[in-house]
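Source file coords.txt; content: compact mmCIF, C-alpha atoms.
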# COMPACT_ATOMS: atom_id res chain seq x y z
CA MET A 1448 -4.17 21.29 11.58
CA ALA A 1449 -5.05 17.60 11.68
CA ASP A 1450 -3.87 15.58 14.66
CA PHE A 1451 -1.94 12.51 13.51
CA SER A 1452 -0.54 11.60 16.92
CA ALA A 1453 -3.03 8.84 17.81
CA LEU A 1454 -4.56 7.26 14.73
CA ASP A 1455 -6.79 4.22 14.38
CA ILE A 1456 -4.80 1.99 12.02
CA ALA A 1457 -5.76 -1.41 10.67
CA VAL A 1458 -2.71 -3.53 9.84
CA LEU A 1459 -3.44 -6.31 7.35
CA ALA A 1460 -1.32 -9.44 7.71
CA GLY A 1461 -1.51 -13.10 6.81
CA GLY A 1462 -3.58 -14.08 3.79
CA ILE A 1463 -3.47 -17.29 1.78
CA SER A 1464 -0.46 -16.68 -0.45
CA HIS A 1465 2.78 -18.68 -0.34
CA GLU A 1466 4.20 -15.81 1.72
CA ARG A 1467 1.64 -15.93 4.55
CA ASP A 1468 4.18 -16.57 7.32
CA ILE A 1469 6.38 -13.69 6.17
CA SER A 1470 3.36 -11.39 6.08
CA LEU A 1471 2.43 -12.28 9.65
CA ARG A 1472 5.97 -11.47 10.78
CA SER A 1473 5.98 -8.18 8.86
CA GLY A 1474 2.57 -7.25 10.25
CA ARG A 1475 3.67 -7.81 13.83
CA ARG A 1476 6.71 -5.60 13.34
CA VAL A 1477 4.63 -2.81 11.80
CA ALA A 1478 1.98 -3.08 14.50
CA ASP A 1479 4.60 -2.97 17.27
CA GLY A 1480 6.22 0.12 15.77
CA LEU A 1481 2.90 1.94 15.42
CA THR A 1482 1.69 0.98 18.89
CA ALA A 1483 4.92 2.23 20.47
CA LEU A 1484 4.14 5.69 19.08
CA GLY A 1485 0.66 5.77 20.57
CA HIS A 1486 -1.46 4.68 17.62
CA ARG A 1487 -4.41 2.35 18.14
CA VAL A 1488 -3.67 -0.70 16.03
CA THR A 1489 -5.86 -3.63 15.02
CA VAL A 1490 -4.23 -6.51 13.14
CA LEU A 1491 -6.63 -8.08 10.66
CA GLU A 1492 -6.57 -11.07 8.34
CA PRO A 1493 -7.68 -10.46 4.73
CA ASP A 1494 -10.61 -12.86 5.03
CA ALA A 1495 -14.38 -12.81 4.45
CA SER A 1496 -14.94 -10.51 7.43
CA LEU A 1497 -12.43 -7.83 6.41
CA LEU A 1498 -14.49 -5.56 4.17
CA ALA A 1499 -17.48 -5.60 6.54
CA TYR A 1500 -15.17 -4.71 9.42
CA LEU A 1501 -13.65 -1.79 7.52
CA ALA A 1502 -17.09 -0.54 6.47
CA SER A 1503 -18.34 -0.60 10.06
CA ASN A 1504 -15.25 0.69 11.86
CA ARG A 1505 -13.59 2.88 9.20
CA PRO A 1506 -10.07 3.25 10.60
CA ASP A 1507 -8.08 6.37 9.80
CA ALA A 1508 -5.76 4.29 7.61
CA VAL A 1509 -5.12 0.75 6.49
CA TRP A 1510 -1.52 -0.51 6.60
CA PRO A 1511 -1.25 -3.58 4.33
CA ALA A 1512 1.63 -5.84 5.37
CA LEU A 1513 0.60 -8.47 2.86
CA HIS A 1514 3.08 -10.23 0.62
CA GLY A 1515 2.40 -12.33 -2.44
CA ALA A 1516 -0.67 -12.14 -4.63
CA SER A 1517 -3.09 -11.34 -1.79
CA GLY A 1518 -1.41 -8.03 -1.13
CA GLU A 1519 0.67 -7.07 -4.13
CA ASP A 1520 -1.26 -7.92 -7.32
CA GLY A 1521 -3.58 -4.92 -6.99
CA ALA A 1522 -6.89 -6.73 -6.35
CA LEU A 1523 -7.21 -5.95 -2.65
CA ARG A 1524 -5.92 -2.44 -3.22
CA ALA A 1525 -8.68 -1.87 -5.77
CA LEU A 1526 -11.24 -2.80 -3.14
CA LEU A 1527 -9.56 -0.54 -0.58
CA GLU A 1528 -9.80 2.32 -3.06
CA LEU A 1529 -13.54 1.66 -3.36
CA THR A 1530 -13.95 1.94 0.42
CA GLY A 1531 -12.42 5.42 0.41
CA ILE A 1532 -10.22 4.53 3.39
CA PRO A 1533 -6.62 5.72 2.95
CA PHE A 1534 -4.07 2.93 2.72
CA VAL A 1535 -0.30 2.71 2.71
CA GLY A 1536 1.46 1.67 -0.46
CA SER A 1537 1.06 1.76 -4.20
CA ARG A 1538 -2.30 2.10 -5.84
CA THR A 1539 -3.97 -0.54 -7.97
CA ASP A 1540 -2.53 0.16 -11.43
CA ALA A 1541 1.05 0.50 -10.21
CA SER A 1542 0.73 -2.66 -8.12
CA ARG A 1543 -0.50 -4.67 -11.09
CA LEU A 1544 2.32 -3.37 -13.23
CA ALA A 1545 5.07 -4.13 -10.73
CA TRP A 1546 3.57 -7.54 -9.90
CA SER A 1547 4.22 -8.63 -13.48
CA LYS A 1548 8.00 -8.98 -13.72
CA PRO A 1549 8.06 -8.95 -17.56
CA ALA A 1550 5.89 -5.84 -17.74
CA ALA A 1551 7.93 -4.10 -15.05
CA LYS A 1552 11.15 -4.88 -16.93
CA THR A 1553 9.76 -3.26 -20.07
CA VAL A 1554 8.66 -0.09 -18.29
CA VAL A 1555 11.90 0.30 -16.32
CA GLU A 1556 14.08 -0.32 -19.37
CA ARG A 1557 12.21 2.42 -21.25
CA ALA A 1558 12.98 4.74 -18.33
CA GLY A 1559 16.69 4.19 -18.95
CA VAL A 1560 17.66 1.44 -16.50
CA ALA A 1561 19.49 -1.59 -17.89
CA THR A 1562 17.70 -4.96 -17.83
CA ALA A 1563 18.94 -8.41 -18.81
CA ALA A 1564 17.99 -9.99 -22.13
CA SER A 1565 15.05 -12.29 -21.51
CA VAL A 1566 12.12 -14.26 -22.84
CA THR A 1567 8.70 -14.72 -21.22
CA LEU A 1568 7.03 -18.09 -21.78
CA PRO A 1569 3.56 -19.22 -20.75
CA LYS A 1570 3.28 -22.89 -19.86
CA GLU A 1571 1.12 -23.44 -22.96
CA THR A 1572 4.07 -22.60 -25.21
CA PHE A 1573 5.71 -25.89 -24.32
CA ARG A 1574 2.58 -27.85 -25.18
CA GLU A 1575 2.13 -26.09 -28.51
CA LEU A 1576 5.74 -26.01 -29.74
CA GLY A 1577 7.31 -28.90 -27.89
CA ALA A 1578 9.50 -28.64 -24.80
CA ASN A 1579 12.75 -29.70 -26.46
CA SER A 1580 12.52 -27.25 -29.34
CA VAL A 1581 11.53 -24.37 -27.04
CA LEU A 1582 14.40 -25.00 -24.61
CA ASP A 1583 16.91 -25.46 -27.42
CA THR A 1584 15.85 -22.09 -28.86
CA VAL A 1585 16.13 -20.40 -25.46
CA ILE A 1586 19.65 -21.71 -24.92
CA ALA A 1587 20.73 -20.80 -28.44
CA GLY A 1588 19.47 -17.25 -27.97
CA LEU A 1589 20.31 -16.51 -24.34
CA GLY A 1590 23.08 -18.98 -23.50
CA SER A 1591 23.10 -21.48 -20.66
CA SER A 1592 23.86 -19.12 -17.76
CA LEU A 1593 20.32 -18.13 -16.88
CA VAL A 1594 17.93 -17.14 -14.12
CA VAL A 1595 14.46 -18.67 -14.29
CA LYS A 1596 11.67 -17.21 -12.19
CA PRO A 1597 7.87 -17.08 -12.05
CA ALA A 1598 6.55 -14.04 -13.90
CA GLN A 1599 4.70 -13.13 -10.71
CA GLY A 1600 5.54 -13.67 -7.06
CA GLY A 1601 8.16 -12.83 -4.50
CA SER A 1602 10.56 -14.09 -1.83
CA ALA A 1603 12.56 -15.98 -4.49
CA GLN A 1604 10.00 -18.78 -4.54
CA GLY A 1605 10.33 -20.78 -7.74
CA VAL A 1606 13.55 -18.99 -8.75
CA THR A 1607 16.47 -21.05 -10.06
CA ILE A 1608 19.95 -20.04 -11.21
CA VAL A 1609 20.90 -22.26 -14.15
CA GLU A 1610 24.53 -22.79 -15.13
CA ASP A 1611 24.08 -25.99 -17.13
CA ALA A 1612 21.56 -26.42 -19.95
CA ALA A 1613 20.64 -29.82 -18.56
CA ASP A 1614 19.17 -28.11 -15.49
CA LEU A 1615 16.83 -25.83 -17.43
CA PRO A 1616 13.85 -28.23 -17.68
CA ARG A 1617 13.73 -28.67 -13.92
CA ALA A 1618 14.00 -24.92 -13.41
CA MET A 1619 11.00 -24.39 -15.68
CA VAL A 1620 8.94 -26.90 -13.68
CA ASP A 1621 9.84 -25.11 -10.45
CA ALA A 1622 8.85 -21.72 -11.87
CA TYR A 1623 5.54 -23.03 -13.20
CA THR A 1624 4.70 -24.31 -9.71
CA TYR A 1625 4.15 -20.67 -8.71
CA SER A 1626 2.90 -19.10 -11.95
CA ASP A 1627 1.60 -20.19 -15.35
CA VAL A 1628 4.12 -17.81 -16.93
CA ALA A 1629 7.90 -17.97 -16.50
CA LEU A 1630 10.56 -15.33 -17.12
CA ILE A 1631 13.97 -16.52 -18.32
CA GLU A 1632 16.78 -13.99 -18.11
CA GLN A 1633 20.45 -13.98 -18.96
CA LYS A 1634 22.36 -14.09 -15.70
CA ILE A 1635 24.14 -10.83 -14.89
CA VAL A 1636 27.28 -11.38 -12.84
CA GLY A 1637 27.96 -8.85 -10.11
CA ALA A 1638 27.02 -7.64 -6.65
CA GLU A 1639 23.38 -8.11 -5.70
CA VAL A 1640 21.96 -5.02 -4.04
CA SER A 1641 18.54 -3.97 -2.89
CA VAL A 1642 17.38 -0.39 -2.49
CA ALA A 1643 14.41 0.69 -0.41
CA VAL A 1644 12.76 3.80 -1.84
CA LEU A 1645 10.83 5.91 0.66
CA ASP A 1646 8.36 8.72 -0.03
CA LEU A 1647 6.76 10.40 2.97
CA GLY A 1648 5.29 13.16 0.85
CA ASP A 1649 8.27 15.05 -0.53
CA GLY A 1650 9.13 12.71 -3.39
CA PRO A 1651 10.91 9.34 -3.60
CA VAL A 1652 14.30 9.04 -1.93
CA ALA A 1653 16.55 6.00 -2.23
CA LEU A 1654 17.80 4.81 1.15
CA PRO A 1655 21.30 3.32 1.51
CA ALA A 1656 21.70 0.28 -0.74
CA VAL A 1657 21.98 -3.08 1.01
CA GLU A 1658 24.44 -5.59 -0.46
CA ILE A 1659 23.33 -9.20 -0.25
CA VAL A 1660 25.85 -12.03 0.10
CA PRO A 1661 24.08 -15.37 0.73
CA VAL A 1662 26.21 -17.88 2.63
CA GLY A 1663 24.99 -20.65 0.33
CA GLY A 1664 25.55 -18.67 -2.85
CA ALA A 1665 21.91 -18.00 -3.75
CA TYR A 1666 19.44 -15.62 -2.11
CA THR A 1667 16.75 -18.27 -1.61
CA TYR A 1668 13.59 -18.14 0.50
CA ASP A 1669 15.47 -19.64 3.46
CA ALA A 1670 18.38 -17.24 2.98
CA ARG A 1671 15.98 -14.31 3.11
CA TYR A 1672 14.17 -15.15 6.30
CA ASN A 1673 16.47 -17.29 8.45
CA ALA A 1674 19.03 -15.42 10.50
CA GLY A 1675 22.62 -16.27 9.67
CA GLU A 1676 21.91 -17.51 6.14
CA THR A 1677 22.91 -14.22 4.48
CA ARG A 1678 25.50 -11.51 5.11
CA PHE A 1679 24.22 -7.99 4.59
CA TYR A 1680 26.44 -4.97 4.04
CA VAL A 1681 24.73 -1.69 4.84
CA PRO A 1682 25.59 0.45 3.07
CA ALA A 1683 26.66 -1.70 0.14
CA ARG A 1684 30.37 -1.91 -0.62
CA LEU A 1685 30.22 0.47 -3.57
CA SER A 1686 32.18 3.57 -4.50
CA ASP A 1687 30.38 6.86 -4.00
CA GLU A 1688 29.95 7.20 -7.76
CA VAL A 1689 28.48 3.74 -8.22
CA ALA A 1690 26.29 4.11 -5.12
CA ALA A 1691 24.85 7.28 -6.63
CA ARG A 1692 24.13 5.45 -9.90
CA VAL A 1693 22.40 2.67 -7.98
CA SER A 1694 20.26 5.16 -6.05
CA ARG A 1695 19.32 6.95 -9.24
CA ALA A 1696 18.36 3.68 -10.95
CA ALA A 1697 16.16 2.71 -8.00
CA GLU A 1698 14.39 6.07 -7.94
CA LEU A 1699 13.87 5.90 -11.71
CA ALA A 1700 12.35 2.43 -11.45
CA HIS A 1701 10.09 3.47 -8.55
CA SER A 1702 8.84 6.53 -10.43
CA ALA A 1703 8.50 4.83 -13.82
CA LEU A 1704 6.28 2.15 -12.31
CA GLY A 1705 4.19 4.74 -10.47
CA LEU A 1706 4.94 3.27 -7.05
CA ARG A 1707 4.00 5.10 -3.86
CA HIS A 1708 5.20 5.45 -0.25
CA LEU A 1709 7.59 2.49 0.04
CA SER A 1710 9.09 0.06 -2.44
CA ARG A 1711 12.18 -2.09 -2.79
CA ILE A 1712 14.12 -2.21 -6.04
CA ASP A 1713 16.44 -5.17 -6.58
CA LEU A 1714 19.47 -4.75 -8.83
CA ILE A 1715 22.74 -6.38 -9.87
CA VAL A 1716 25.79 -4.12 -10.15
CA ASP A 1717 28.24 -5.45 -12.73
CA ALA A 1718 32.02 -5.09 -12.80
CA ASP A 1719 31.71 -1.76 -14.65
CA GLY A 1720 29.45 -0.30 -11.97
CA GLU A 1721 26.33 -0.54 -14.13
CA PRO A 1722 23.13 -1.28 -12.16
CA TRP A 1723 20.81 -3.83 -13.80
CA PHE A 1724 17.16 -3.94 -12.76
CA LEU A 1725 15.88 -7.28 -11.47
CA GLU A 1726 12.45 -6.53 -10.03
CA ALA A 1727 10.38 -4.13 -7.97
CA ASN A 1728 8.60 -5.01 -4.75
CA VAL A 1729 5.40 -3.12 -4.04
CA LEU A 1730 5.57 -4.10 -0.39
CA PRO A 1731 9.03 -5.16 0.78
CA GLY A 1732 9.40 -7.59 3.65
CA LEU A 1733 9.52 -5.92 7.05
CA THR A 1734 10.63 -8.85 9.20
CA GLU A 1735 13.61 -8.84 11.54
CA THR A 1736 15.85 -10.14 8.73
CA SER A 1737 14.37 -8.08 5.88
CA ILE A 1738 16.27 -5.54 3.84
CA ALA A 1739 14.00 -2.48 4.02
CA PRO A 1740 14.19 -2.14 7.82
CA GLN A 1741 17.99 -2.39 7.63
CA ALA A 1742 18.04 0.40 5.05
CA ILE A 1743 15.68 2.57 7.11
CA GLU A 1744 17.89 2.26 10.17
CA ALA A 1745 21.06 2.82 8.12
CA ALA A 1746 19.56 6.12 7.02
CA GLY A 1747 19.30 7.12 10.68
CA LEU A 1748 15.53 6.77 10.79
CA SER A 1749 13.29 5.08 13.35
CA LEU A 1750 11.25 2.15 12.05
CA GLY A 1751 8.20 3.12 14.07
CA GLU A 1752 8.37 6.74 12.96
CA VAL A 1753 8.69 5.70 9.32
CA TYR A 1754 5.73 3.32 9.56
CA SER A 1755 3.72 6.06 11.25
CA GLY A 1756 4.86 8.59 8.64
CA LEU A 1757 3.67 6.29 5.88
CA ALA A 1758 0.21 6.09 7.45
CA VAL A 1759 0.11 9.88 7.64
CA ALA A 1760 1.25 10.14 4.01
CA ALA A 1761 -1.57 7.81 3.00
CA ILE A 1762 -4.12 9.96 4.83
CA ARG A 1763 -2.79 13.10 3.20
CA ASP A 1764 -2.79 11.51 -0.25
CA GLY A 1765 -6.27 10.05 0.01
CA VAL A 1766 -7.24 7.29 -2.39
CA ASN A 1767 -9.79 8.75 -4.77
CA VAL A 1768 -7.46 10.61 -7.12
Could you take the file, read its structure, and then write that structure out as structure tokens?
Amino acid sequence: MADFSALDIAVLAGGISHERDISLRSGRRVADGLTALGHRVTVLEPDASLLAYLASNRPDAVWPALHGASGEDGALRALLELTGIPFVGSRTDASRLAWSKPAAKTVVERAGVATAASVTLPKETFRELGANSVLDTVIAGLGSSLVVKPAQGGSAQGVTIVEDAADLPRAMVDAYTYSDVALIEQKIVGAEVSVAVLDLGDGPVALPAVEIVPVGGAYTYDARYNAGETRFYVPARLSDEVAARVSRAAELAHSALGLRHLSRIDLIVDADGEPWFLEANVLPGLTETSIAPQAIEAAGLSLGEVYSGLAVAAIRDGVNV
């Protein structure tokens, strides 16, 4: 039987995405948890020296704690697959699929989870058809209570809740700052919840849902990562029946997208108890204020043991499948 008690693990953190600081914080937390259990941990930046280092040292597993494009769009994961070194998290194809919010919505809706009516617009559409006519058509079709977000990205960067049609142009500019494609959705009114889905080898299991109540009304970047900006209820204030529906929706989304090991599924639960899919996170934040660690602890699990278990699951899975 293989000995997994003292592994050589390379934790990847940092990068050049808009979420670099969050990645560094997540990486430190993962590294601390692994080290406390006796693993030998090296924290590495995803820079020009990374692939040569991995080729020379070949750790037992790579633990990517990278947020944003550098860690979640599938490119780095494709290179990790080529190295043959096991790594934690979703493989390339699933990462690319989840990274695209419009594509993920389509796949999850086909799996039976409700999604808001929406339209996806590249920046070029406004040049070709004229900004005024495009925005007038959007409002006529979807109404003026909207959520505008970059088609790719995380941590709520570039996301705007629009309640007045006059604010839509500015929201589009903000979204296009982070991506050349924007997703415009009808706003679903309800409780915002986030569900971490964990798979240590026996299949995906939804952990207790976390209810998110931002003090300022919107779950912005600052509200996510600054203590005191958001109230979290763990588990979420849902009836047992609705909580079960939320868990099922999260597991369906995780499986439909082909995600692996650990994901976070964000949903809105409406007044009828219906969960609506918002987006999937290939690598959820793991900082001291992040949702996934709260859910792990609410399930009665140790953060370090879960992070270690994910490394072991990666080794057992391998990458060349």
Notebook entry, point to check: Which residue out of A:Ser1517, A:Thr1482, A:Ser1452, A:Asn1728 has the minimum interatomic distance to A:Glu1466 when all atoms listed in the file are used?
Noted result: A:Ser1517
Note to self: So, with all atoms listed in the file as the atoms that count, which of A:Ile1635, A:Val1693, A:Leu1630, A:Val1581 lies closest to A:Val1566?
What the structure shows: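 Checking each of A:Ile1635, A:Val1693, A:Leu1630, A:Val1581 against A:Val1566, counting all atoms listed in the file, the winner is A:Leu1630.
For the pair atom CA of A:Leu1459 and atom CA of A:Asp1627, the interatomic distance is 27.1 Å.
Distances to A:Leu1733 were evaluated for A:Ala1453, A:Leu1501, A:Ala1700, A:Ala1512 using all atoms listed in the file, and the minimum falls at A:Ala1512.
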Item checked: For atom CA of A:Ile1608 and atom CA of A:Val1594, the interatomic separation in Å (one decimal) ->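 Between atom CA of A:Ile1608 and atom CA of A:Val1594 the gap works out to 4.6 Å.
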Next item on the list: Using all atoms listed in the file, determine which residues lie at most 9 Å from A:Arg1711, disregarding the query and same-chain residues fewer than 2 positions distant; provide the list as an MDAnalysis selection string.
Entry: chainID A and resid 1641:1645 1697 1701 1709 1713 1726:1732 1738:1739
